[in-house]
$ cat entry_30.csv   # CSV, C-alpha atoms and all ligand atoms
chain,number,residue,atom,x,y,z
A,1,MET,CA,8.2,25.5,-14.9
A,2,LYS,CA,8.9,22.0,-13.4
A,3,ASP,CA,6.2,20.5,-11.1
A,4,ASP,CA,8.4,20.8,-8.0
A,5,THR,CA,8.5,24.6,-8.6
A,6,THR,CA,4.8,24.8,-9.5
A,7,ILE,CA,3.7,23.2,-6.2
A,8,VAL,CA,5.8,25.7,-4.3
A,9,HIS,CA,4.7,28.9,-6.1
A,10,ALA,CA,1.3,28.3,-7.9
A,11,GLY,CA,-1.7,30.1,-6.5
A,12,ARG,CA,0.2,32.2,-3.9
A,13,LYS,CA,0.1,36.0,-4.1
A,14,PRO,CA,2.2,37.1,-1.0
A,15,PHE,CA,2.3,40.8,-2.1
A,16,ASP,CA,-1.4,41.0,-2.1
A,17,ASN,CA,-1.2,40.1,1.5
A,18,HIS,CA,1.5,42.2,3.2
A,19,GLY,CA,4.2,39.8,1.9
A,20,ILE,CA,2.9,36.9,4.0
A,21,VAL,CA,3.9,33.6,2.5
A,22,ASN,CA,0.6,31.7,2.8
A,23,PRO,CA,-2.8,33.0,1.7
A,24,PRO,CA,-5.0,34.3,4.5
A,25,VAL,CA,-7.9,32.2,5.7
A,26,TYR,CA,-11.1,34.1,4.9
A,27,HIS,CA,-14.1,33.0,7.0
A,28,ALA,CA,-17.1,34.2,5.1
A,29,SER,CA,-20.7,33.7,4.4
A,30,THR,CA,-22.0,37.2,3.8
A,31,VAL,CA,-19.9,39.5,1.6
A,32,LEU,CA,-20.9,43.2,1.8
A,33,PHE,CA,-21.1,45.7,-1.1
A,34,PRO,CA,-20.9,49.4,-0.6
A,35,THR,CA,-23.5,50.4,-3.2
A,36,VAL,CA,-26.3,49.0,-5.3
A,37,GLU,CA,-24.1,49.4,-8.4
A,38,ALA,CA,-21.3,47.4,-6.8
A,39,TRP,CA,-23.8,44.6,-5.8
A,40,GLU,CA,-25.2,44.5,-9.3
A,41,HIS,CA,-21.8,44.5,-10.9
A,42,ALA,CA,-20.7,41.6,-8.6
A,43,ARG,CA,-23.9,39.7,-9.5
A,44,GLU,CA,-23.2,40.1,-13.2
A,45,GLN,CA,-19.6,39.0,-12.7
A,46,ARG,CA,-20.3,36.2,-10.2
A,47,ASP,CA,-19.3,33.3,-12.5
A,48,ALA,CA,-16.0,34.9,-13.5
A,49,PRO,CA,-12.9,33.4,-11.9
A,50,ASP,CA,-11.9,34.7,-8.5
A,51,THR,CA,-15.1,36.8,-7.9
A,52,VAL,CA,-16.1,37.0,-4.3
A,53,VAL,CA,-19.9,37.3,-3.9
A,54,TYR,CA,-20.9,34.9,-1.3
A,55,GLY,CA,-19.0,32.5,1.0
A,56,ARG,CA,-20.4,29.3,-0.6
A,57,ARG,CA,-18.9,30.3,-3.9
A,58,GLY,CA,-15.4,30.6,-2.5
A,59,THR,CA,-13.1,33.2,-1.2
A,60,PRO,CA,-9.4,34.0,-2.0
A,61,THR,CA,-8.5,31.0,0.3
A,62,THR,CA,-10.4,28.7,-2.0
A,63,PHE,CA,-9.1,30.3,-5.1
A,64,ALA,CA,-5.5,29.9,-4.0
A,65,LEU,CA,-5.9,26.2,-3.7
A,66,GLN,CA,-7.9,25.8,-6.9
A,67,ASP,CA,-5.4,27.9,-8.9
A,68,ALA,CA,-2.4,25.9,-7.6
A,69,MET,CA,-4.0,22.6,-8.3
A,70,ALA,CA,-5.2,23.6,-11.8
A,71,GLU,CA,-1.7,24.6,-12.7
A,72,LEU,CA,-0.2,21.3,-11.4
A,73,GLU,CA,-2.9,19.3,-13.3
A,74,GLY,CA,-2.3,21.2,-16.6
A,75,ALA,CA,-6.0,22.1,-16.4
A,76,ASP,CA,-7.8,25.4,-17.1
A,77,ARG,CA,-9.8,25.2,-13.9
A,78,CYS,CA,-10.1,23.3,-10.6
A,79,ILE,CA,-13.0,23.3,-8.2
A,80,ALA,CA,-12.7,22.4,-4.6
A,81,VAL,CA,-15.5,20.3,-3.0
A,82,PRO,CA,-15.9,19.0,0.6
A,83,SER,CA,-14.5,15.5,0.2
A,84,GLY,CA,-13.0,13.0,-2.2
A,85,LEU,CA,-16.4,11.4,-2.6
A,86,ALA,CA,-17.9,14.7,-3.5
A,87,ALA,CA,-15.2,15.0,-6.2
A,88,ILE,CA,-16.6,11.8,-7.7
A,89,THR,CA,-20.4,12.5,-7.3
A,90,ALA,CA,-20.4,16.1,-8.4
A,91,PRO,CA,-19.0,15.4,-11.9
A,92,LEU,CA,-21.1,12.2,-12.3
A,93,LEU,CA,-24.2,14.3,-11.7
A,94,ALA,CA,-22.9,17.0,-14.0
A,95,PHE,CA,-22.8,14.7,-17.0
A,96,LEU,CA,-25.4,11.9,-16.4
A,97,GLU,CA,-29.1,12.2,-17.0
A,98,PRO,CA,-32.0,9.7,-16.9
A,99,GLY,CA,-31.6,7.2,-19.7
A,100,ASP,CA,-27.8,7.5,-19.9
A,101,HIS,CA,-25.4,4.6,-19.5
A,102,MET,CA,-22.1,4.7,-17.6
A,103,LEU,CA,-19.1,2.3,-17.8
A,104,MET,CA,-17.3,2.1,-14.5
A,105,VAL,CA,-14.1,0.1,-13.7
A,106,ASP,CA,-14.8,-3.0,-11.5
A,107,ALA,CA,-11.9,-2.1,-9.1
A,108,VAL,CA,-13.5,1.2,-8.3
A,109,TYR,CA,-13.4,2.8,-4.8
A,110,TYR,CA,-16.5,1.2,-3.2
A,111,PRO,CA,-18.6,4.3,-2.4
A,112,ALA,CA,-18.4,5.3,-6.1
A,113,ARG,CA,-19.8,1.9,-7.0
A,114,ARG,CA,-22.5,2.3,-4.3
A,115,PHE,CA,-23.4,5.8,-5.6
A,116,ALA,CA,-23.8,4.3,-9.1
A,117,ASP,CA,-25.9,1.4,-7.9
A,118,SER,CA,-28.1,3.5,-5.7
A,119,LEU,CA,-28.7,7.2,-6.4
A,120,LEU,CA,-27.7,7.0,-10.1
A,121,ALA,CA,-29.8,3.9,-10.6
A,122,ARG,CA,-32.7,5.7,-9.0
A,123,ILE,CA,-32.6,8.5,-11.4
A,124,GLY,CA,-32.5,6.1,-14.4
A,125,VAL,CA,-28.8,5.9,-15.1
A,126,GLU,CA,-27.6,2.4,-15.9
A,127,THR,CA,-24.0,1.3,-15.0
A,128,THR,CA,-22.0,-1.5,-16.4
A,129,PHE,CA,-18.8,-2.4,-14.6
A,130,TYR,CA,-15.9,-3.4,-16.7
A,131,ASP,CA,-12.7,-5.4,-16.2
A,132,PRO,CA,-9.7,-3.1,-15.4
A,133,ALA,CA,-7.7,-4.9,-18.0
A,134,VAL,CA,-10.2,-4.1,-20.8
A,135,GLY,CA,-7.9,-1.6,-22.6
A,136,ALA,CA,-9.1,-0.7,-26.1
A,137,GLY,CA,-11.7,-3.4,-25.7
A,138,ILE,CA,-13.8,-0.8,-23.9
A,139,ALA,CA,-15.0,0.1,-27.4
A,140,ASP,CA,-17.1,-3.1,-27.5
A,141,LEU,CA,-18.9,-2.1,-24.3
A,142,ILE,CA,-19.7,1.5,-25.3
A,143,ARG,CA,-23.4,1.9,-26.2
A,144,GLU,CA,-25.2,4.6,-28.1
A,145,ASN,CA,-26.2,6.2,-24.7
A,146,THR,CA,-22.9,5.7,-22.9
A,147,ARG,CA,-22.2,9.2,-21.6
A,148,VAL,CA,-19.5,8.5,-19.0
A,149,VAL,CA,-16.5,6.2,-18.8
A,150,TYR,CA,-15.1,6.1,-15.3
A,151,LEU,CA,-11.5,5.0,-14.5
A,152,GLU,CA,-9.4,4.5,-11.4
A,153,ALA,CA,-5.8,3.3,-11.6
A,154,PRO,CA,-4.4,1.7,-9.8
A,155,GLY,CA,-7.6,0.6,-7.9
A,156,SER,CA,-7.1,1.5,-4.2
A,157,GLN,CA,-7.7,-2.1,-2.9
A,158,THR,CA,-6.4,-4.4,-5.7
A,159,PHE,CA,-3.9,-2.0,-7.4
A,160,GLU,CA,-4.8,-3.1,-10.9
A,161,MET,CA,-3.6,-0.8,-13.6
A,162,GLN,CA,-5.6,0.4,-16.6
A,163,ASP,CA,-4.4,1.3,-20.1
A,164,VAL,CA,-5.7,4.9,-19.7
A,165,PRO,CA,-4.9,6.3,-23.2
A,166,ALA,CA,-6.5,3.2,-24.9
A,167,VAL,CA,-9.7,3.7,-22.8
A,168,THR,CA,-9.9,7.5,-23.3
A,169,GLU,CA,-9.3,7.3,-27.0
A,170,ALA,CA,-12.1,4.8,-27.5
A,171,ALA,CA,-14.4,6.9,-25.3
A,172,ARG,CA,-13.5,10.1,-27.1
A,173,GLU,CA,-14.3,8.5,-30.4
A,174,ALA,CA,-17.7,7.6,-29.1
A,175,GLY,CA,-18.3,11.0,-27.6
A,176,ALA,CA,-18.3,9.9,-24.0
A,177,VAL,CA,-16.8,11.9,-21.2
A,178,THR,CA,-14.0,10.2,-19.2
A,179,MET,CA,-13.4,10.7,-15.5
A,180,MET,CA,-10.5,9.3,-13.5
A,181,ASP,CA,-9.9,8.9,-9.8
A,182,ASN,CA,-6.2,9.8,-9.6
A,183,THR,CA,-5.9,9.9,-5.9
A,184,TRP,CA,-3.1,7.2,-5.7
A,185,ALA,CA,-0.6,8.9,-8.0
A,186,THR,CA,-1.6,12.6,-7.6
A,187,PRO,CA,-0.8,14.9,-10.5
A,188,LEU,CA,2.9,14.7,-9.6
A,189,TYR,CA,3.1,11.0,-10.7
A,190,PHE,CA,0.3,11.0,-13.3
A,191,LYS,CA,-1.5,13.7,-15.1
A,192,PRO,CA,-4.9,12.4,-16.3
A,193,LEU,CA,-5.6,15.3,-18.6
A,194,ASP,CA,-2.4,14.6,-20.6
A,195,PHE,CA,-3.7,11.1,-21.2
A,196,GLY,CA,-7.0,12.1,-22.6
A,197,VAL,CA,-9.1,12.1,-19.4
A,198,ASP,CA,-11.7,14.9,-19.3
A,199,VAL,CA,-12.3,15.1,-15.5
A,200,SER,CA,-9.4,14.5,-13.1
A,201,ILE,CA,-10.7,13.5,-9.6
A,202,MET,CA,-8.6,13.8,-6.5
A,203,ALA,CA,-9.5,12.9,-2.9
A,204,ALA,CA,-7.3,15.6,-1.6
A,205,THR,CA,-8.1,14.2,1.9
A,206,LYS,CA,-5.2,11.8,1.2
A,207,TYR,CA,-1.8,13.0,-0.1
A,208,ILE,CA,-2.7,16.7,-0.8
A,209,VAL,CA,-3.7,17.5,2.8
A,210,GLY,CA,-1.2,14.9,3.8
A,211,HIS,CA,-1.7,15.1,7.6
A,212,SER,CA,-5.0,13.2,8.1
A,213,ASP,CA,-6.7,16.3,9.5
A,214,ALA,CA,-9.1,17.6,6.8
A,215,MET,CA,-11.6,16.3,4.3
A,216,LEU,CA,-11.2,17.8,0.8
A,217,GLY,CA,-11.9,17.0,-2.9
A,218,LEU,CA,-10.6,18.6,-6.1
A,219,VAL,CA,-11.9,18.3,-9.6
A,220,SER,CA,-9.8,19.5,-12.5
A,221,VAL,CA,-11.0,20.1,-16.0
A,222,GLN,CA,-10.5,22.2,-19.1
A,223,ASP,CA,-12.8,25.1,-19.8
A,224,GLU,CA,-15.1,23.1,-22.0
A,225,HIS,CA,-16.3,21.0,-19.0
A,226,PHE,CA,-15.9,23.6,-16.3
A,227,SER,CA,-19.3,25.2,-16.1
A,228,ARG,CA,-21.2,21.8,-16.0
A,229,VAL,CA,-19.0,20.6,-13.1
A,230,ARG,CA,-19.2,23.9,-11.2
A,231,ASP,CA,-23.0,24.1,-11.6
A,232,SER,CA,-23.3,20.6,-10.3
A,233,ALA,CA,-21.1,21.2,-7.3
A,234,TRP,CA,-22.6,24.6,-6.5
A,235,GLY,CA,-26.2,23.4,-7.2
A,236,LEU,CA,-25.7,20.6,-4.7
A,237,GLY,CA,-24.5,23.2,-2.2
A,238,MET,CA,-21.0,21.8,-2.0
A,239,ALA,CA,-18.8,24.4,-0.2
A,240,VAL,CA,-15.5,23.7,1.5
A,241,GLY,CA,-14.6,25.3,4.8
A,242,PRO,CA,-11.8,27.9,4.5
A,243,ASP,CA,-9.6,26.0,7.1
A,244,ASP,CA,-9.7,22.9,5.0
A,245,CYS,CA,-8.8,24.8,1.8
A,246,TYR,CA,-5.9,26.3,3.7
A,247,LEU,CA,-4.7,22.9,4.9
A,248,GLY,CA,-5.0,21.6,1.4
A,249,GLN,CA,-2.9,24.4,-0.1
A,250,ARG,CA,-0.4,24.1,2.7
A,251,GLY,CA,-0.1,20.3,2.2
A,252,LEU,CA,0.4,20.8,-1.5
A,253,ARG,CA,3.6,22.7,-0.9
A,254,THR,CA,5.4,19.7,0.5
A,255,LEU,CA,3.7,17.0,-1.6
A,256,SER,CA,6.7,16.3,-3.7
A,257,ALA,CA,9.1,15.7,-0.8
A,258,ARG,CA,6.6,13.6,1.1
A,259,LEU,CA,5.6,11.5,-1.9
A,260,ALA,CA,9.3,10.7,-2.8
A,261,ARG,CA,9.8,9.4,0.7
A,262,HIS,CA,6.5,7.5,0.7
A,263,GLN,CA,7.6,5.9,-2.5
A,264,GLU,CA,11.1,5.0,-1.4
A,265,SER,CA,9.9,3.4,1.8
A,266,ALA,CA,6.9,1.6,0.2
A,267,LEU,CA,9.3,0.1,-2.4
A,268,LYS,CA,11.5,-1.2,0.4
A,269,LEU,CA,8.6,-2.7,2.3
A,270,ALA,CA,6.9,-4.1,-0.7
A,271,ALA,CA,10.1,-5.8,-1.8
A,272,TRP,CA,10.5,-7.2,1.7
A,273,PHE,CA,7.0,-8.5,1.8
A,274,GLU,CA,7.8,-10.4,-1.5
A,275,THR,CA,10.4,-12.4,0.3
A,276,ARG,CA,8.1,-13.6,3.1
A,277,PRO,CA,6.7,-17.1,3.1
A,278,GLU,CA,3.4,-15.8,4.7
A,279,VAL,CA,2.8,-13.7,1.6
A,280,ALA,CA,1.2,-15.0,-1.6
A,281,ARG,CA,1.3,-11.8,-3.6
A,282,VAL,CA,2.2,-8.1,-3.3
A,283,LEU,CA,0.0,-5.7,-5.2
A,284,TYR,CA,2.1,-2.8,-6.2
A,285,PRO,CA,2.6,-1.7,-9.8
A,286,ALA,CA,6.0,-0.3,-9.1
A,287,LEU,CA,7.3,-3.8,-8.5
A,288,PRO,CA,8.7,-5.4,-11.7
A,289,GLY,CA,6.7,-8.6,-11.2
A,290,ASP,CA,3.4,-6.9,-10.9
A,291,PRO,CA,1.0,-7.5,-13.8
A,292,GLY,CA,0.5,-3.7,-14.1
A,293,HIS,CA,4.2,-2.9,-14.0
A,294,GLU,CA,4.6,-2.2,-17.8
A,295,LEU,CA,1.6,0.1,-17.9
A,296,TRP,CA,2.8,1.9,-14.8
A,297,LYS,CA,6.3,2.3,-16.2
A,298,ARG,CA,5.0,3.5,-19.5
A,299,ASP,CA,2.6,6.2,-18.1
A,300,PHE,CA,3.4,7.0,-14.5
A,301,LYS,CA,6.3,9.0,-13.0
A,302,GLY,CA,6.2,7.4,-9.6
A,303,ALA,CA,4.3,5.3,-7.1
A,304,SER,CA,2.8,6.4,-3.8
A,305,GLY,CA,2.9,4.7,-0.4
A,306,LEU,CA,-0.2,2.5,-0.7
A,307,PHE,CA,-0.1,-1.1,-1.7
A,308,GLY,CA,-1.8,-4.5,-1.1
A,309,VAL,CA,-0.5,-7.7,0.4
A,310,VAL,CA,-2.3,-11.1,-0.2
A,311,LEU,CA,-1.6,-13.6,2.6
A,312,GLU,CA,-1.3,-17.3,2.1
A,313,GLU,CA,-4.3,-19.1,3.6
A,314,THR,CA,-4.2,-18.2,7.3
A,315,PRO,CA,-6.8,-18.5,10.2
A,316,GLN,CA,-8.5,-15.2,10.8
A,317,GLU,CA,-7.5,-15.2,14.5
A,318,ALA,CA,-3.9,-15.3,13.4
A,319,VAL,CA,-4.3,-12.4,11.1
A,320,ALA,CA,-6.1,-10.5,13.9
A,321,ALA,CA,-3.2,-11.2,16.3
A,322,MET,CA,-0.8,-9.8,13.7
A,323,LEU,CA,-2.8,-6.7,13.1
A,324,ASN,CA,-3.8,-6.0,16.6
A,325,GLY,CA,-0.3,-6.0,17.9
A,326,TYR,CA,1.3,-3.5,15.4
A,327,ARG,CA,3.1,-0.7,17.1
A,328,TYR,CA,3.3,1.8,14.1
A,329,PHE,CA,0.6,0.6,11.7
A,330,GLY,CA,-2.6,2.1,12.8
A,331,MET,CA,-5.9,0.6,11.7
A,332,GLY,CA,-8.4,3.0,10.1
A,333,GLY,CA,-9.9,4.2,6.9
A,334,SER,CA,-8.3,6.7,4.6
A,335,TRP,CA,-4.6,7.0,3.8
A,336,GLY,CA,-2.1,9.5,2.4
A,337,GLY,CA,-1.1,11.1,5.8
A,338,TYR,CA,2.3,11.0,7.3
A,339,GLU,CA,1.6,7.9,9.3
A,340,SER,CA,1.6,4.2,8.5
A,341,LEU,CA,-1.7,2.3,8.3
A,342,VAL,CA,-3.1,-1.1,7.7
A,343,LEU,CA,-6.6,-2.5,7.0
A,344,PRO,CA,-7.9,-5.9,6.0
A,345,THR,CA,-9.9,-5.5,2.8
A,346,ARG,CA,-12.4,-7.7,1.0
A,347,PRO,CA,-12.0,-7.1,-2.7
A,348,GLU,CA,-13.8,-10.3,-3.6
A,349,LYS,CA,-17.0,-8.8,-2.2
A,350,LEU,CA,-16.8,-5.5,-4.1
A,351,ARG,CA,-16.8,-6.7,-7.7
A,352,SER,CA,-19.4,-7.8,-10.2
A,353,ALA,CA,-17.7,-8.0,-13.7
A,354,THR,CA,-14.7,-9.9,-12.6
A,355,THR,CA,-13.7,-12.2,-9.7
A,356,TRP,CA,-10.9,-11.7,-7.2
A,357,ASP,CA,-9.1,-14.9,-6.3
A,358,ALA,CA,-6.8,-14.8,-3.3
A,359,PRO,CA,-5.7,-17.7,-1.1
A,360,GLY,CA,-5.9,-15.7,2.1
A,361,THR,CA,-6.7,-12.3,3.5
A,362,THR,CA,-6.0,-9.2,1.4
A,363,LEU,CA,-4.4,-6.4,3.4
A,364,ARG,CA,-3.9,-2.7,2.5
A,365,TYR,CA,-0.8,-1.0,3.8
A,366,HIS,CA,-0.1,2.7,3.8
A,367,VAL,CA,3.6,3.3,4.3
A,368,GLY,CA,4.1,6.5,6.2
A,369,LEU,CA,7.2,8.7,6.8
A,370,GLU,CA,8.6,6.7,9.8
A,371,ASP,CA,12.0,5.1,9.4
A,372,PRO,CA,11.4,2.1,7.1
A,373,ASP,CA,13.6,-0.2,9.2
A,374,ASP,CA,11.5,0.4,12.2
A,375,LEU,CA,8.4,-0.4,10.1
A,376,ILE,CA,10.0,-3.6,8.9
A,377,ALA,CA,10.8,-4.6,12.5
A,378,ASP,CA,7.1,-4.0,13.4
A,379,LEU,CA,6.0,-6.1,10.4
A,380,GLU,CA,8.4,-8.9,11.3
A,381,ALA,CA,7.1,-9.0,14.9
A,382,GLY,CA,3.6,-9.1,13.3
A,383,PHE,CA,4.5,-12.2,11.3
A,384,GLU,CA,5.8,-13.8,14.5
A,385,ARG,CA,2.5,-13.3,16.1
A,386,LEU,CA,0.7,-14.6,13.1
A,387,ARG,CA,2.8,-17.8,13.1
A,388,ALA,CA,2.4,-18.3,16.8
A,389,ALA,CA,-1.4,-17.8,16.7
A,390,GLY,CA,-1.7,-20.0,13.7
A,391,ARG,CA,0.3,-22.7,15.4
A,392,ASP,CA,-1.3,-22.5,18.9
A,393,GLY,CA,-4.8,-21.3,18.0
A,394,PRO,CA,-7.7,-23.1,16.3
A,395,ALA,CA,-6.7,-24.1,12.8
A,396,GLU,CA,-9.7,-22.5,11.1
A,397,SER,CA,-12.7,-20.4,12.1
A,398,PRO,CA,-15.5,-20.8,9.5
A,399,GLU,CA,-17.6,-18.3,11.4
A,400,LEU,CA,-15.0,-15.6,11.1
A,401,ASP,CA,-14.2,-16.5,7.5
A,402,LYS,CA,-17.8,-15.8,6.6
A,403,ALA,CA,-17.8,-12.3,8.2
A,501,LIG,C1,-9.3,6.1,-4.2
A,501,LIG,C2,-10.2,6.9,-3.3
A,501,LIG,N1,-11.0,7.8,-3.9
A,501,LIG,C3,-11.8,8.6,-3.2
A,501,LIG,C4,-11.9,8.5,-1.9
A,501,LIG,C5,-12.9,9.4,-1.1
A,501,LIG,O1,-12.2,10.4,-0.4
A,501,LIG,P1,-12.9,11.1,0.9
A,501,LIG,O2,-12.7,10.1,2.0
A,501,LIG,O3,-12.2,12.4,1.0
A,501,LIG,O4,-14.4,11.3,0.6
A,501,LIG,C6,-11.1,7.6,-1.2
A,501,LIG,C7,-11.1,7.5,0.3
A,501,LIG,O5,-10.8,6.6,0.9
A,501,LIG,C8,-10.2,6.8,-1.9
A,501,LIG,O6,-9.4,5.9,-1.4
$ encode --input "entry_30.csv" --output "C-alpha cells"
Amino acid sequence: MKDDTTIVHAGRKPFDNHGIVNPPVYHASTVLFPTVEAWEHAREQRDAPDTVVYGRRGTPTTFALQDAMAELEGADRCIAVPSGLAAITAPLLAFLEPGDHMLMVDAVYYPARRFADSLLARIGVETTFYDPAVGAGIADLIRENTRVVYLEAPGSQTFEMQDVPAVTEAAREAGAVTMMDNTWATPLYFKPLDFGVDVSIMAATKYIVGHSDAMLGLVSVQDEHFSRVRDSAWGLGMAVGPDDCYLGQRGLRTLSARLARHQESALKLAAWFETRPEVARVLYPALPGDPGHELWKRDFKGASGLFGVVLEETPQEAVAAMLNGYRYFGMGGSWGGYESLVLPTRPEKLRSATTWDAPGTTLRYHVGLEDPDDLIADLEAGFERLRAAGRDGPAESPELDKA
C-alpha cells in the first residue's frame, strides 16, 4: 500500500461503528465490567494492544490514531501523548538513568535542550551537544555510558540537515538508542525508522492536526522499545483527551494533500526571498543552494512549509515595522496549521557546541495554504515598510539589539 492510501484507510474500522467513516469519540475515565471474572480478565490483558480498561490507558479513539500512525511510520507501535514536548520527554525518561550520558544535536528544539539541561541534569544525566554536521564523526563523541543519541533534522530554527544513517549506524554499533524529532518532514517525507532511528518523535500539534486547534504528540517504535516508552508515558500520567486524538486522526487523512501544497508554496516563496536584496540567506534544504540540500535530496521525499530567512543587517525597528504590518503572516508560536506565520528567532542564543553567525535578524516563516501570490504581495509590502523604516527611523538601536 502506498502512503497516500495508508493515511486514508489505516486505523479506521467503519463497520465496527454502523459504517460511520470516522471513529467515534469515546469520553471515558471509568470503564465498567459486568462480572469479577471480566474485570480480572481485563486486568490480565491490560497491556495487550487495544484493551480498554481505564480512560487514561486509551480508548478506541486513541487506538485508531495510534494504529494509523504506526502503519504510516513503518513501526510496530505508536503511543499518543498530550503534546509534542511530551513525545520528546517520555522516551528520554524511558531510556536514561542516573549516570548516563546523552548526545543531543545543537540545533535541537529549545524546550528539549532545556529539559536536558534542567530535569535530566538534576537526575544525574549528562548531555553533550553536538554539531548537526557531525555525521559519522559522532562515533568520536560516544562514551561508554552514552545511552541516547538525539537527532532533529532539519532543526526547526536553522534548518540544518543531519546525516541520519551515518549517526544511527555509529550509535547502533555503540549500543546507544537513537531518537529523532521528525516533526518538520512527517513520515510522509521521511521515515526515521527506515534510516536506523529507534524512536520516531512527532509533534502532531503541527502538520498532523494541521488546523492549529489541538496539542498532541506521537511516539513510534518497534516492539523491542515499546514497553519502555509506554511505561514511561503511562507512569508519568500522560493521557490524551479523546477530542484531540480525534482531531489528530482526522488531520492525518488530509496530510498528504496539505503538505504537497505547503511544499509547493514554500518553494515559491523561498525562491522569491532568495532574489531579495534585504535577504542574506534562506534556510530551506529543498533549495539547491542550501548546505543541507544533498542530504535532503538523498534521504527525504519532500519538504514542508517551514523555513528560515536571515536578513541583512537591519535596525530592529525596521524589522518590527515589517512584521507588525503583515496582513496574512500571523505572529505566534507553533506551525503546521493551514495558516501562514512568522516569528523572529534567536538561534545564536540557543546553541552551545557551535556558533550561529548571521548579519541580521533570523526569521522563521510558515507558509500556509493561502494563494502564494497573495503571500508574496504581503511580503513585498513588508519589505517596503522595512526599507522606509530603515531610511526614516534611527539607524541603529543598541538597546533593542541586546533584547
Ligand atoms: C520541532 C518541534 N518539536 C517539538 C515541538 C513541541 O510540540 P508541542 O508544542 O506540541 O509540545 C515543537 C513545537 O513548537 C517543534 O517545533
$ closest_residue --input "entry_30.csv" --among "A:Gly217, A:Pro23, A:Gly196, A:Pro60" --to "A:Ile88" --atoms "only C-alpha atoms"
A:Gly217
$ closest_residue --input "entry_30.csv" --among "A:Gly289, A:Gly84, A:Gly337, A:Pro242" --to "ligand LIG 501 (chain A)" --atoms "all atoms listed in the file"
A:Gly84
$ residues_near_ligand --input "entry_30.csv" --ligand "ligand LIG 501 (chain A)" --cutoff "7 Å" --atoms "only C-alpha atoms and all ligand atoms" --output "list in words"
Ser83, Gly84, Leu85, Ala86, Tyr109, Gly155, Ser156, Asp181, Thr183, Trp184, Met202, Ala203, Ala204, Thr205, Met215, Leu216, Gly217, Gly333, Ser334 and Trp335 of chain A
$ closest_residue --input "entry_30.csv" --among "A:Leu141, A:Gly336, A:Asn182, A:Gly99" --to "A:Asp213" --atoms "all atoms listed in the file"
A:Gly336
$ residues_around --input "entry_30.csv" --residues "A:Val149" --least-positions-apart "5" --cutoff "9 Å" --atoms "all atoms listed in the file" --output "ChimeraX atom specification"
/A:102-105,142,167-168,171,176-180
$ residues_around --input "entry_30.csv" --residues "A:Leu379" --least-positions-apart "2" --cutoff "10 Å" --atoms "only C-alpha atoms" --output "NGL selection string"
:A and (269 or 272-273 or 322-323 or 325-329 or 373-377 or 381-385)
$ closest_residue --input "entry_30.csv" --among "A:Leu341, A:Ala233, A:Leu311, A:Ala38" --to "A:Asp378" --atoms "all atoms listed in the file"
A:Leu341
$ atom_distance --input "entry_30.csv" --atom1 "atom CA of A:Asp100" --atom2 "atom CA of A:Asn145"
5.2 Å
$ closest_residue --input "entry_30.csv" --among "A:Ala280, A:Ala185, A:Val8, A:Met1" --to "A:Lys301" --atoms "all atoms listed in the file"
A:Ala185
$ residues_around --input "entry_30.csv" --residues "A:Ile123" --least-positions-apart "6" --cutoff "12 Å" --atoms "all atoms listed in the file" --output "list of chain:residue names"
A:Leu93, A:Leu96, A:Glu97, A:Pro98, A:Gly99, A:Asp100, A:His101, A:Phe115, A:Ala116, A:Asp117
$ build_atoms --input "entry_30.csv" --residues "stretch 203-214 of chain A" --atoms "N, CA and C atoms" --output "tab-separated table (two decimals), in the coordinates of the input"
chain	number	residue	atom	x	y	z
A	203	ALA	N	-9.08	12.80	-4.36
A	203	ALA	CA	-9.50	12.90	-2.90
A	203	ALA	C	-8.28	13.52	-2.23
A	204	ALA	N	-8.37	14.83	-2.13
A	204	ALA	CA	-7.30	15.60	-1.60
A	204	ALA	C	-7.10	15.35	-0.07
A	205	THR	N	-8.12	14.73	0.53
A	205	THR	CA	-8.10	14.20	1.90
A	205	THR	C	-6.78	13.42	2.14
A	206	LYS	N	-6.32	12.75	1.08
A	206	LYS	CA	-5.20	11.80	1.20
A	206	LYS	C	-3.86	12.60	1.13
A	207	TYR	N	-3.17	12.49	-0.01
A	207	TYR	CA	-1.80	13.00	-0.10
A	207	TYR	C	-1.73	14.56	-0.12
A	208	ILE	N	-2.76	15.21	-0.67
A	208	ILE	CA	-2.70	16.70	-0.80
A	208	ILE	C	-2.67	17.30	0.60
A	209	VAL	N	-3.70	16.97	1.39
A	209	VAL	CA	-3.70	17.50	2.80
A	209	VAL	C	-2.54	16.83	3.52
A	210	GLY	N	-2.39	15.53	3.40
A	210	GLY	CA	-1.20	14.90	3.80
A	210	GLY	C	-0.96	14.66	5.32
A	211	HIS	N	-1.89	15.15	6.14
A	211	HIS	CA	-1.70	15.10	7.60
A	211	HIS	C	-2.91	14.50	8.32
A	212	SER	N	-3.80	13.87	7.56
A	212	SER	CA	-5.00	13.20	8.10
A	212	SER	C	-5.84	14.09	9.00
A	213	ASP	N	-5.94	15.35	8.61
A	213	ASP	CA	-6.70	16.30	9.50
A	213	ASP	C	-7.70	17.15	8.73
A	214	ALA	N	-8.05	16.79	7.50
A	214	ALA	CA	-9.10	17.60	6.80
A	214	ALA	C	-9.68	16.72	5.69
